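**Q** One structure coming up, written as structure tokens, with questions to follow.
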Amino acid sequence: MKYVFVTGGVVSGLGKGITAASLGRLLKNRGYKVVNQKLDPYINIDPGTMSPYEHGEVFVTDDGAETDLDLGHYERFTDESLTGNSSITSGKIYLNVINKERKGEYLGKTVQVIPHITNEIKDRIYEFNKSDADIVITEIGGTVGDIESGPMLEAIRQIGIEQKDEDVVFIHVTLLPYISGSKELKSKPTQHSVKELQALGIMPDILVCRADKNIDEDMKKKIALFCNVKKESVIQNKTVDNLYEVPLMLEKEGLADVVCKKLNLNNKKANNEEWENLINIIKNISGKSLNIAIVGKYTKLEDSYLSVIESIKHAGFKNLVNVNVELVDSEKISTENVDEKLKKYSGIIVPGGFGNRGINGMIETIKYVRENKIPFLGICLGMQMAVIEFARNVLKLGDANSEEFDKKSKNLVIHIMEEQKKINKKGGTMRLGAYDCVLKPNSFVKKIYGKNTISERHRHRYEFNNDYRDLIEKNGLLIAGTSPDDRLVEIVELKNHPFFIASQFHPEFKSRPNKPHPLFSEFIKQAKNMENM
């Protein structure tokens, strides 16, 4: 096993995750089996109980782990399905150590950060030794100097000592700010950041320097001299027009070559053709942009719907159309203004969420797209809202609702799952991870997927109430897919509509830039067709 550790300095938000994901793609394109991992210093067990405004979306893996959104970047770039062991938090580490202490597993020893916490962290990294991966790329969240990331940095320092020099590489992502007054890049923040890392006992092998301007050779020499790295190990990471250009940009800068040399790996010729074709397609898309709205409740932060936004873009690449994605606050939509708010959009998505804030605006949105035959995709809460809207406005069940919002309603068309009724804890207790879904033979979604059985990822505790199944289907909202035992409704579609599909699962978690998810691809196709009418 080879170990790559990615740290960050100067400021947060420099793109450590994109750097780690891009390197994963470049090494995979050289024929190596790569797995990515994120170490997050926060004390939460996982981001599952956090507001999307705190940490962006919660990404869900096949095995049901609620994880940091960087795992979405890793999967989209490397096209490798990750597991819960790819998302480690301080909360998980401390919980495990405390549980072991309570069971007496430390045989009466004083439990300390070193060695007990650091050993637990190392165990999670070394866990990949049991897999078929050649290389594990571990990103450490936060910025060097943050007090909470100390144990994680100490753990990777120890791994650097425990393993052969040729089996470990440390990459530090820093910022070279551009001072417009003097029209020059400044290296001092990078120098100080590297010194901070060196003081912790970690000597970076490679510096990935974010910069809005080209880094000239003299600047690279200066950084190499003051930061104790070779000049070829100072890698420029320029801001690019499209996120998916980063791997090829870093390939050109030589990042993967330096990593292979340091790890004593055969630097095979990279097979980047598929990625190059993708970028060529993206750069050559022309014409009018398609306006797509995400109508939700977490609209102050785009990261709240990151995977949905990226999936829309992927579908745009496939359909050769530029897509302009806008977040629309469902709380600000009413019967009186719904047309004014939404008339400019060629397609509308109502995504997942929790709680009753903004649901009336979602219902008005869904009524609008249903009646005006605007392409619509509902996801998780979006499906539940589609069922409620249909029950209220087509079946005339005026009080139709979800048990999540109004337990006293006489028509709970959405109710809590049986296995969720006795669960009180919030974290990690929902229906999570990948489950099979059997598609109905004559459904539109069966035609879209081109297969009888699909596997998609879930994150919910409420479900379609089967007591209403016959009534709802009889009136035109078809049950297009169910769990293999036919007990759970997984996806619905509307008759006589160009595209009105809503799923209980989250299709956005499986979309890739070069392999867009079929539901998003068809959604954008139909939205494009509507625009051309």
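Residue numbering restarts at 1 in every chain; chains get A, B, ... in the order shown in the structure tokens, and ligands count up from 1 in that same order.
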Residues near Ile423 (chain A), anyone? I mean within 10 Å using only C-alpha atoms, not counting same-chain ones fewer than 5 positions away, as number ranges by chain.
**A** A: 429-430, 461
**Q** Here is a test: counting only C-alpha atoms, which residue of A:Thr138, A:Ser483, A:Gln198, A:Asn514 is nearest to Phe317 (chain A)?
**A**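 Of all the options, A:Asn514 lies closest to Phe317 (chain A).
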**Q** Identify which of the residues A:Val60, A:Gln420, A:Met219, A:Ser503 lies closest to Ala386 (chain A), counting only C-alpha atoms when measuring atom-to-atom distances.
**A**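 Of all the options, A:Ser503 lies closest to Ala386 (chain A).
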**Q** Pick out the closest residue to Gly287 (chain A) from this set: A:Leu265, A:Cys260, A:Gln191, A:Asn322. Count only C-alpha atoms.
**A**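 Selected residue with least distance to Gly287 (chain A): A:Asn322.
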**Q** My list of candidates is A:Leu320, A:Tyr305, A:Glu80, A:Val58. Which is closest to Asn284 (chain A) when distances are computed with only C-alpha atoms?
**A**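 Selected residue with least distance to Asn284 (chain A): A:Leu320.
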**Q** Considering only helix (DSSP H, G or I) as DSSP defines it on the backbone, what residues of region 56-248 of chain A qualify? List them as JSON, numbers by chain.
**A** {"A": [70, 71, 72, 73, 74, 75, 76, 77, 78, 84, 85, 86, 90, 91, 92, 93, 94, 95, 96, 97, 98, 99, 100, 101, 102, 113, 114, 115, 116, 117, 118, 119, 120, 121, 122, 123, 124, 125, 126, 127, 128, 129, 130, 147, 148, 149, 150, 151, 152, 153, 154, 155, 156, 157, 158, 159, 160, 161, 162, 165, 166, 167, 188, 189, 190, 191, 192, 193, 194, 195, 196, 197, 198, 199, 217, 218, 219, 220, 221, 222, 223, 224, 225, 226, 227, 231, 232, 233, 243, 244, 245, 246, 247, 248]}
**Q** When you look at region 155-161 of chain A with a cut-off of 7 Å (counting only C-alpha atoms), what residues show up, excluding the ones that are within fewer than 4 positions of it in the same chain? I need them as JSON, numbers by chain.
**A** {"A": [118, 121, 122, 151, 168, 201, 202]}
**Q** Those residues with N, CA and C atoms, as a PDB file, in the first residue's frame please?
**A**
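Everything below was put into result.pdb:
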ATOM      1  N   THR A 118      -4.422   8.703  18.422  1.00  0.00           N
ATOM      2  CA  THR A 118      -3.655   8.619  17.168  1.00  0.00           C
ATOM      3  C   THR A 118      -3.630   7.191  16.620  1.00  0.00           C
ATOM      4  N   ILE A 121      -6.870   6.589  14.804  1.00  0.00           N
ATOM      5  CA  ILE A 121      -6.860   7.249  13.487  1.00  0.00           C
ATOM      6  C   ILE A 121      -6.047   6.418  12.494  1.00  0.00           C
ATOM      7  N   LYS A 122      -4.876   5.978  12.931  1.00  0.00           N
ATOM      8  CA  LYS A 122      -4.022   5.178  12.043  1.00  0.00           C
ATOM      9  C   LYS A 122      -4.705   3.877  11.638  1.00  0.00           C
ATOM     10  N   PRO A 151      -4.419  15.948  16.459  1.00  0.00           N
ATOM     11  CA  PRO A 151      -4.239  14.492  16.534  1.00  0.00           C
ATOM     12  C   PRO A 151      -4.163  13.812  15.166  1.00  0.00           C
ATOM     13  N   VAL A 168       5.224   6.731   1.247  1.00  0.00           N
ATOM     14  CA  VAL A 168       4.425   7.836   1.787  1.00  0.00           C
ATOM     15  C   VAL A 168       4.809   9.138   1.096  1.00  0.00           C
ATOM     16  N   GLY A 201       6.418  18.231  12.610  1.00  0.00           N
ATOM     17  CA  GLY A 201       7.184  17.049  12.244  1.00  0.00           C
ATOM     18  C   GLY A 201       6.880  16.497  10.881  1.00  0.00           C
ATOM     19  N   ILE A 202       6.100  17.219  10.086  1.00  0.00           N
ATOM     20  CA  ILE A 202       5.746  16.762   8.735  1.00  0.00           C
ATOM     21  C   ILE A 202       6.484  17.613   7.713  1.00  0.00           C
TER      22      ILE A 202
END
**Q** Excluding same-chain residues fewer than 6 positions from His517 (chain A), what lies within 12 Å of it counting only C-alpha atoms, as a count of residues only?
**A** 24
**Q** Could I get the residues of region 193-224 of chain A with an atom no further than 7 Å from an atom of region 175-179 of chain A, each paired with its nearest atom pair and that distance in Å to one decimal, using only C-alpha atoms, sorted by chain and residue number, as CSV?
**A**
residue,atom,partner,partner_atom,distance
A:Cys209,CA,A:Leu175,CA,5.5
A:Arg210,CA,A:Leu175,CA,4.8
A:Ala211,CA,A:Leu176,CA,5.4
**Q** Could you tell me which of A:Thr365, A:Ser455, A:Ile359, A:Phe444 comes closest to Phe405 (chain A) if we count only C-alpha atoms?
**A** A:Ile359
**Q** Kindly give the distance, in Å, that separates CA of Pro351 (chain A) and CA of Ile388 (chain A), rounded to a single decimal.
**A**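 Between CA of Pro351 (chain A) and CA of Ile388 (chain A) the gap works out to 14.9 Å.
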**Q** Closest to Ile18 (chain A) among A:Ala256, A:Leu82, A:Leu250, A:Ile285, using only C-alpha atoms?
**A**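 Using only C-alpha atoms, the shortest distance to Ile18 (chain A) belongs to A:Leu250.
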**Q** Which polymer residues have any atom within 7 Å of an atom of Val323 (chain A), counting only C-alpha atoms, with same-chain residues fewer than 2 positions away left out, as a count of residues only?
**A** 8
**Q** Hey, what does DSSP flag as strand (DSSP E) within region 262-451 of chain A? Can you give it to me as number ranges by chain?
**A** A: 290-296, 323-329, 347-350, 376-379, 401-402, 412-416, 431-439
**Q** Those same residues, written as a JSON list (two decimals), in the first residue's frame with N, CA and C atoms?
**A**
[["chain", "number", "residue", "atom", "x", "y", "z"],
["A", 290, "LEU", "N", -29.78, 26.79, -20.88],
["A", 290, "LEU", "CA", -31.05, 26.29, -20.37],
["A", 290, "LEU", "C", -31.17, 26.69, -18.91],
["A", 291, "ASN", "N", -32.27, 27.32, -18.55],
["A", 291, "ASN", "CA", -32.48, 27.73, -17.16],
["A", 291, "ASN", "C", -33.19, 26.63, -16.38],
["A", 292, "ILE", "N", -32.54, 26.15, -15.33],
["A", 292, "ILE", "CA", -33.10, 25.10, -14.48],
["A", 292, "ILE", "C", -33.17, 25.62, -13.05],
["A", 293, "ALA", "N", -34.29, 25.40, -12.39],
["A", 293, "ALA", "CA", -34.45, 25.85, -11.00],
["A", 293, "ALA", "C", -34.43, 24.67, -10.04],
["A", 294, "ILE", "N", -33.72, 24.85, -8.93],
["A", 294, "ILE", "CA", -33.83, 23.95, -7.79],
["A", 294, "ILE", "C", -34.65, 24.69, -6.75],
["A", 295, "VAL", "N", -35.87, 24.24, -6.52],
["A", 295, "VAL", "CA", -36.76, 24.90, -5.58],
["A", 295, "VAL", "C", -36.68, 24.17, -4.25],
["A", 296, "GLY", "N", -35.98, 24.78, -3.29],
["A", 296, "GLY", "CA", -35.77, 24.12, -2.02],
["A", 296, "GLY", "C", -35.74, 25.10, -0.88],
["A", 323, "VAL", "N", -26.08, 24.74, -19.02],
["A", 323, "VAL", "CA", -27.18, 24.80, -18.07],
["A", 323, "VAL", "C", -26.89, 25.87, -17.02],
["A", 324, "ASN", "N", -27.85, 26.76, -16.86],
["A", 324, "ASN", "CA", -27.78, 27.78, -15.82],
["A", 324, "ASN", "C", -28.66, 27.32, -14.66],
["A", 325, "VAL", "N", -28.04, 26.94, -13.56],
["A", 325, "VAL", "CA", -28.78, 26.42, -12.40],
["A", 325, "VAL", "C", -28.98, 27.54, -11.39],
["A", 326, "GLU", "N", -30.22, 27.75, -10.97],
["A", 326, "GLU", "CA", -30.52, 28.77, -9.98],
["A", 326, "GLU", "C", -31.28, 28.15, -8.80],
["A", 327, "LEU", "N", -30.92, 28.59, -7.59],
["A", 327, "LEU", "CA", -31.61, 28.14, -6.38],
["A", 327, "LEU", "C", -32.75, 29.10, -6.09],
["A", 328, "VAL", "N", -33.95, 28.55, -5.90],
["A", 328, "VAL", "CA", -35.14, 29.35, -5.64],
["A", 328, "VAL", "C", -35.69, 28.96, -4.28],
["A", 329, "ASP", "N", -35.86, 29.93, -3.41],
["A", 329, "ASP", "CA", -36.33, 29.71, -2.04],
["A", 329, "ASP", "C", -37.82, 29.35, -2.08],
["A", 347, "GLY", "N", -37.02, 23.66, -16.72],
["A", 347, "GLY", "CA", -37.13, 22.45, -15.93],
["A", 347, "GLY", "C", -36.96, 22.80, -14.46],
["A", 348, "ILE", "N", -37.63, 22.04, -13.60],
["A", 348, "ILE", "CA", -37.61, 22.37, -12.16],
["A", 348, "ILE", "C", -37.39, 21.10, -11.35],
["A", 349, "ILE", "N", -36.54, 21.23, -10.34],
["A", 349, "ILE", "CA", -36.25, 20.13, -9.42],
["A", 349, "ILE", "C", -36.64, 20.55, -8.01],
["A", 350, "VAL", "N", -37.35, 19.68, -7.31],
["A", 350, "VAL", "CA", -37.58, 19.86, -5.87],
["A", 350, "VAL", "C", -36.76, 18.78, -5.17],
["A", 376, "PHE", "N", -40.17, 18.02, -14.65],
["A", 376, "PHE", "CA", -40.03, 18.07, -13.20],
["A", 376, "PHE", "C", -39.39, 16.80, -12.67],
["A", 377, "LEU", "N", -38.42, 16.99, -11.76],
["A", 377, "LEU", "CA", -37.80, 15.86, -11.07],
["A", 377, "LEU", "C", -37.88, 16.14, -9.57],
["A", 378, "GLY", "N", -38.52, 15.23, -8.85],
["A", 378, "GLY", "CA", -38.61, 15.33, -7.40],
["A", 378, "GLY", "C", -37.67, 14.32, -6.76],
["A", 379, "ILE", "N", -36.98, 14.74, -5.72],
["A", 379, "ILE", "CA", -35.99, 13.86, -5.07],
["A", 379, "ILE", "C", -36.30, 13.78, -3.58],
["A", 401, "ASN", "N", -51.41, 15.05, 3.73],
["A", 401, "ASN", "CA", -50.16, 15.57, 4.29],
["A", 401, "ASN", "C", -49.22, 14.42, 4.59],
["A", 402, "SER", "N", -48.08, 14.80, 5.14],
["A", 402, "SER", "CA", -47.10, 13.82, 5.62],
["A", 402, "SER", "C", -47.18, 13.77, 7.14],
["A", 412, "LEU", "N", -52.98, 10.83, 5.64],
["A", 412, "LEU", "CA", -51.51, 10.83, 5.67],
["A", 412, "LEU", "C", -51.00, 9.98, 4.51],
["A", 413, "VAL", "N", -50.90, 10.62, 3.35],
["A", 413, "VAL", "CA", -50.44, 9.90, 2.16],
["A", 413, "VAL", "C", -48.96, 9.56, 2.25],
["A", 414, "ILE", "N", -48.25, 10.26, 3.14],
["A", 414, "ILE", "CA", -46.85, 9.94, 3.47],
["A", 414, "ILE", "C", -46.81, 9.68, 4.98],
["A", 415, "HIS", "N", -46.29, 8.54, 5.38],
["A", 415, "HIS", "CA", -46.23, 8.24, 6.80],
["A", 415, "HIS", "C", -44.86, 7.66, 7.17],
["A", 416, "ILE", "N", -44.63, 7.54, 8.48],
["A", 416, "ILE", "CA", -43.32, 7.08, 8.92],
["A", 416, "ILE", "C", -43.17, 5.59, 8.62],
["A", 431, "ARG", "N", -33.30, 5.24, 6.93],
["A", 431, "ARG", "CA", -33.05, 4.24, 5.89],
["A", 431, "ARG", "C", -31.94, 4.81, 5.01],
["A", 432, "LEU", "N", -30.77, 4.22, 5.11],
["A", 432, "LEU", "CA", -29.58, 4.79, 4.49],
["A", 432, "LEU", "C", -28.88, 3.78, 3.58],
["A", 433, "GLY", "N", -28.33, 4.28, 2.49],
["A", 433, "GLY", "CA", -27.51, 3.44, 1.62],
["A", 433, "GLY", "C", -28.25, 2.91, 0.41],
["A", 434, "ALA", "N", -27.60, 2.00, -0.29],
["A", 434, "ALA", "CA", -28.12, 1.49, -1.56],
["A", 434, "ALA", "C", -29.14, 0.37, -1.35],
["A", 435, "TYR", "N", -30.25, 0.48, -2.06],
["A", 435, "TYR", "CA", -31.29, -0.55, -2.06],
["A", 435, "TYR", "C", -31.74, -0.79, -3.49],
["A", 436, "ASP", "N", -32.14, -2.02, -3.78],
["A", 436, "ASP", "CA", -32.63, -2.36, -5.11],
["A", 436, "ASP", "C", -34.05, -1.83, -5.31],
["A", 437, "CYS", "N", -34.37, -1.54, -6.54],
["A", 437, "CYS", "CA", -35.70, -1.10, -6.93],
["A", 437, "CYS", "C", -36.07, -1.81, -8.22],
["A", 438, "VAL", "N", -37.25, -2.40, -8.26],
["A", 438, "VAL", "CA", -37.74, -3.10, -9.45],
["A", 438, "VAL", "C", -38.67, -2.15, -10.21],
["A", 439, "LEU", "N", -38.35, -1.91, -11.48],
["A", 439, "LEU", "CA", -39.12, -0.97, -12.28],
["A", 439, "LEU", "C", -40.27, -1.67, -13.00]]
**Q** What lies within 10 Å of Val229 (chain A) using only C-alpha atoms, ignoring chain neighbours under 4 positions off, as a PDB file with all heavy atoms, in the first residue's frame?
**A**
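Dumped everything to selection_36.pdb:
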ATOM      1  N   MET A 203       7.281  16.963   6.894  1.00  0.00           N
ATOM      2  CA  MET A 203       8.018  17.662   5.847  1.00  0.00           C
ATOM      3  C   MET A 203       7.305  17.434   4.512  1.00  0.00           C
ATOM      4  O   MET A 203       7.336  16.322   3.986  1.00  0.00           O
ATOM      5  CB  MET A 203       9.449  17.130   5.760  1.00  0.00           C
ATOM      6  CG  MET A 203      10.185  17.146   7.093  1.00  0.00           C
ATOM      7  SD  MET A 203      10.328  18.820   7.745  1.00  0.00           S
ATOM      8  CE  MET A 203      10.726  18.476   9.473  1.00  0.00           C
ATOM      9  N   PRO A 204       6.617  18.437   3.985  1.00  0.00           N
ATOM     10  CA  PRO A 204       5.889  18.217   2.731  1.00  0.00           C
ATOM     11  C   PRO A 204       6.838  17.888   1.591  1.00  0.00           C
ATOM     12  O   PRO A 204       7.917  18.475   1.462  1.00  0.00           O
ATOM     13  CB  PRO A 204       5.170  19.554   2.506  1.00  0.00           C
ATOM     14  CG  PRO A 204       5.930  20.552   3.305  1.00  0.00           C
ATOM     15  CD  PRO A 204       6.488  19.817   4.477  1.00  0.00           C
ATOM     16  N   ASP A 205       6.412  16.928   0.774  1.00  0.00           N
ATOM     17  CA  ASP A 205       7.193  16.542  -0.411  1.00  0.00           C
ATOM     18  C   ASP A 205       6.791  17.352  -1.631  1.00  0.00           C
ATOM     19  O   ASP A 205       7.605  17.579  -2.536  1.00  0.00           O
ATOM     20  CB  ASP A 205       6.968  15.057  -0.711  1.00  0.00           C
ATOM     21  CG  ASP A 205       7.341  14.168   0.452  1.00  0.00           C
ATOM     22  OD1 ASP A 205       8.536  14.083   0.761  1.00  0.00           O
ATOM     23  OD2 ASP A 205       6.429  13.574   1.067  1.00  0.00           O
ATOM     24  N   ILE A 206       5.526  17.764  -1.648  1.00  0.00           N
ATOM     25  CA  ILE A 206       4.980  18.468  -2.809  1.00  0.00           C
ATOM     26  C   ILE A 206       4.136  19.634  -2.311  1.00  0.00           C
ATOM     27  O   ILE A 206       3.366  19.498  -1.353  1.00  0.00           O
ATOM     28  CB  ILE A 206       4.099  17.527  -3.670  1.00  0.00           C
ATOM     29  CG1 ILE A 206       4.920  16.346  -4.192  1.00  0.00           C
ATOM     30  CG2 ILE A 206       3.458  18.292  -4.823  1.00  0.00           C
ATOM     31  CD1 ILE A 206       4.080  15.244  -4.819  1.00  0.00           C
ATOM     32  N   LEU A 207       4.289  20.784  -2.958  1.00  0.00           N
ATOM     33  CA  LEU A 207       3.440  21.936  -2.664  1.00  0.00           C
ATOM     34  C   LEU A 207       2.548  22.202  -3.868  1.00  0.00           C
ATOM     35  O   LEU A 207       3.040  22.390  -4.980  1.00  0.00           O
ATOM     36  CB  LEU A 207       4.286  23.176  -2.368  1.00  0.00           C
ATOM     37  CG  LEU A 207       5.225  23.103  -1.163  1.00  0.00           C
ATOM     38  CD1 LEU A 207       5.996  24.409  -1.020  1.00  0.00           C
ATOM     39  CD2 LEU A 207       4.455  22.794   0.112  1.00  0.00           C
ATOM     40  N   LYS A 221      11.409  28.614  -7.835  1.00  0.00           N
ATOM     41  CA  LYS A 221      12.728  28.408  -7.213  1.00  0.00           C
ATOM     42  C   LYS A 221      12.749  28.974  -5.797  1.00  0.00           C
ATOM     43  O   LYS A 221      13.294  28.355  -4.873  1.00  0.00           O
ATOM     44  CB  LYS A 221      13.820  29.084  -8.055  1.00  0.00           C
ATOM     45  CG  LYS A 221      14.137  28.374  -9.361  1.00  0.00           C
ATOM     46  CD  LYS A 221      15.199  29.156 -10.136  1.00  0.00           C
ATOM     47  CE  LYS A 221      15.485  28.485 -11.480  1.00  0.00           C
ATOM     48  NZ  LYS A 221      16.469  29.277 -12.270  1.00  0.00           N
ATOM     49  N   ILE A 223      10.173  29.445  -3.734  1.00  0.00           N
ATOM     50  CA  ILE A 223       9.342  28.620  -2.859  1.00  0.00           C
ATOM     51  C   ILE A 223      10.071  27.327  -2.513  1.00  0.00           C
ATOM     52  O   ILE A 223      10.077  26.893  -1.347  1.00  0.00           O
ATOM     53  CB  ILE A 223       7.983  28.317  -3.540  1.00  0.00           C
ATOM     54  CG1 ILE A 223       7.169  29.610  -3.682  1.00  0.00           C
ATOM     55  CG2 ILE A 223       7.197  27.274  -2.754  1.00  0.00           C
ATOM     56  CD1 ILE A 223       5.941  29.471  -4.557  1.00  0.00           C
ATOM     57  N   ALA A 224      10.695  26.717  -3.510  1.00  0.00           N
ATOM     58  CA  ALA A 224      11.422  25.464  -3.278  1.00  0.00           C
ATOM     59  C   ALA A 224      12.549  25.677  -2.265  1.00  0.00           C
ATOM     60  O   ALA A 224      12.744  24.874  -1.349  1.00  0.00           O
ATOM     61  CB  ALA A 224      11.984  24.944  -4.596  1.00  0.00           C
ATOM     62  N   LEU A 225      13.270  26.775  -2.413  1.00  0.00           N
ATOM     63  CA  LEU A 225      14.400  27.060  -1.526  1.00  0.00           C
ATOM     64  C   LEU A 225      13.945  27.273  -0.082  1.00  0.00           C
ATOM     65  O   LEU A 225      14.484  26.682   0.851  1.00  0.00           O
ATOM     66  CB  LEU A 225      15.153  28.299  -2.033  1.00  0.00           C
ATOM     67  CG  LEU A 225      16.332  28.770  -1.167  1.00  0.00           C
ATOM     68  CD1 LEU A 225      17.436  27.710  -1.147  1.00  0.00           C
ATOM     69  CD2 LEU A 225      16.875  30.094  -1.702  1.00  0.00           C
ATOM     70  N   SER A 233       8.678  19.942  -7.559  1.00  0.00           N
ATOM     71  CA  SER A 233       7.611  19.573  -6.623  1.00  0.00           C
ATOM     72  C   SER A 233       6.754  20.778  -6.228  1.00  0.00           C
ATOM     73  O   SER A 233       5.866  20.651  -5.378  1.00  0.00           O
ATOM     74  CB  SER A 233       8.212  18.939  -5.367  1.00  0.00           C
ATOM     75  OG  SER A 233       8.863  17.726  -5.688  1.00  0.00           O
ATOM     76  N   VAL A 234       7.017  21.929  -6.819  1.00  0.00           N
ATOM     77  CA  VAL A 234       6.149  23.096  -6.642  1.00  0.00           C
ATOM     78  C   VAL A 234       5.179  23.107  -7.821  1.00  0.00           C
ATOM     79  O   VAL A 234       5.553  23.392  -8.960  1.00  0.00           O
ATOM     80  CB  VAL A 234       6.964  24.406  -6.584  1.00  0.00           C
ATOM     81  CG1 VAL A 234       6.025  25.610  -6.437  1.00  0.00           C
ATOM     82  CG2 VAL A 234       7.967  24.362  -5.443  1.00  0.00           C
TER      83      VAL A 234
END
**Q** With a distance cut-off of 9 Å and only C-alpha atoms, select the neighbouring residues of Val11 (chain A), excluding the residue or stretch itself and same-chain residues fewer than 4 positions from it, and output the selection as a PyMOL selection string.
**A** chain A and resi 142-143+174-175
**Q** Next, write the just-selected residues to a file, as a compact mmCIF listing (two decimals), in the first residue's frame, keeping N, CA, C and O atoms as the atom set.
**A**
# COMPACT_ATOMS: atom_id res chain seq x y z
N GLY A 142 -9.76 20.95 7.27
CA GLY A 142 -9.30 22.13 8.00
C GLY A 142 -7.97 22.64 7.47
O GLY A 142 -7.49 22.24 6.41
N THR A 143 -7.36 23.51 8.25
CA THR A 143 -6.11 24.17 7.87
C THR A 143 -5.05 23.91 8.93
O THR A 143 -5.36 23.88 10.12
N THR A 174 -1.52 25.14 -0.69
CA THR A 174 -1.42 26.48 -0.11
C THR A 174 -1.89 27.54 -1.10
O THR A 174 -2.23 27.24 -2.25
N LEU A 175 -1.86 28.77 -0.63
CA LEU A 175 -2.30 29.90 -1.46
C LEU A 175 -1.15 30.87 -1.71
O LEU A 175 -0.40 31.20 -0.80
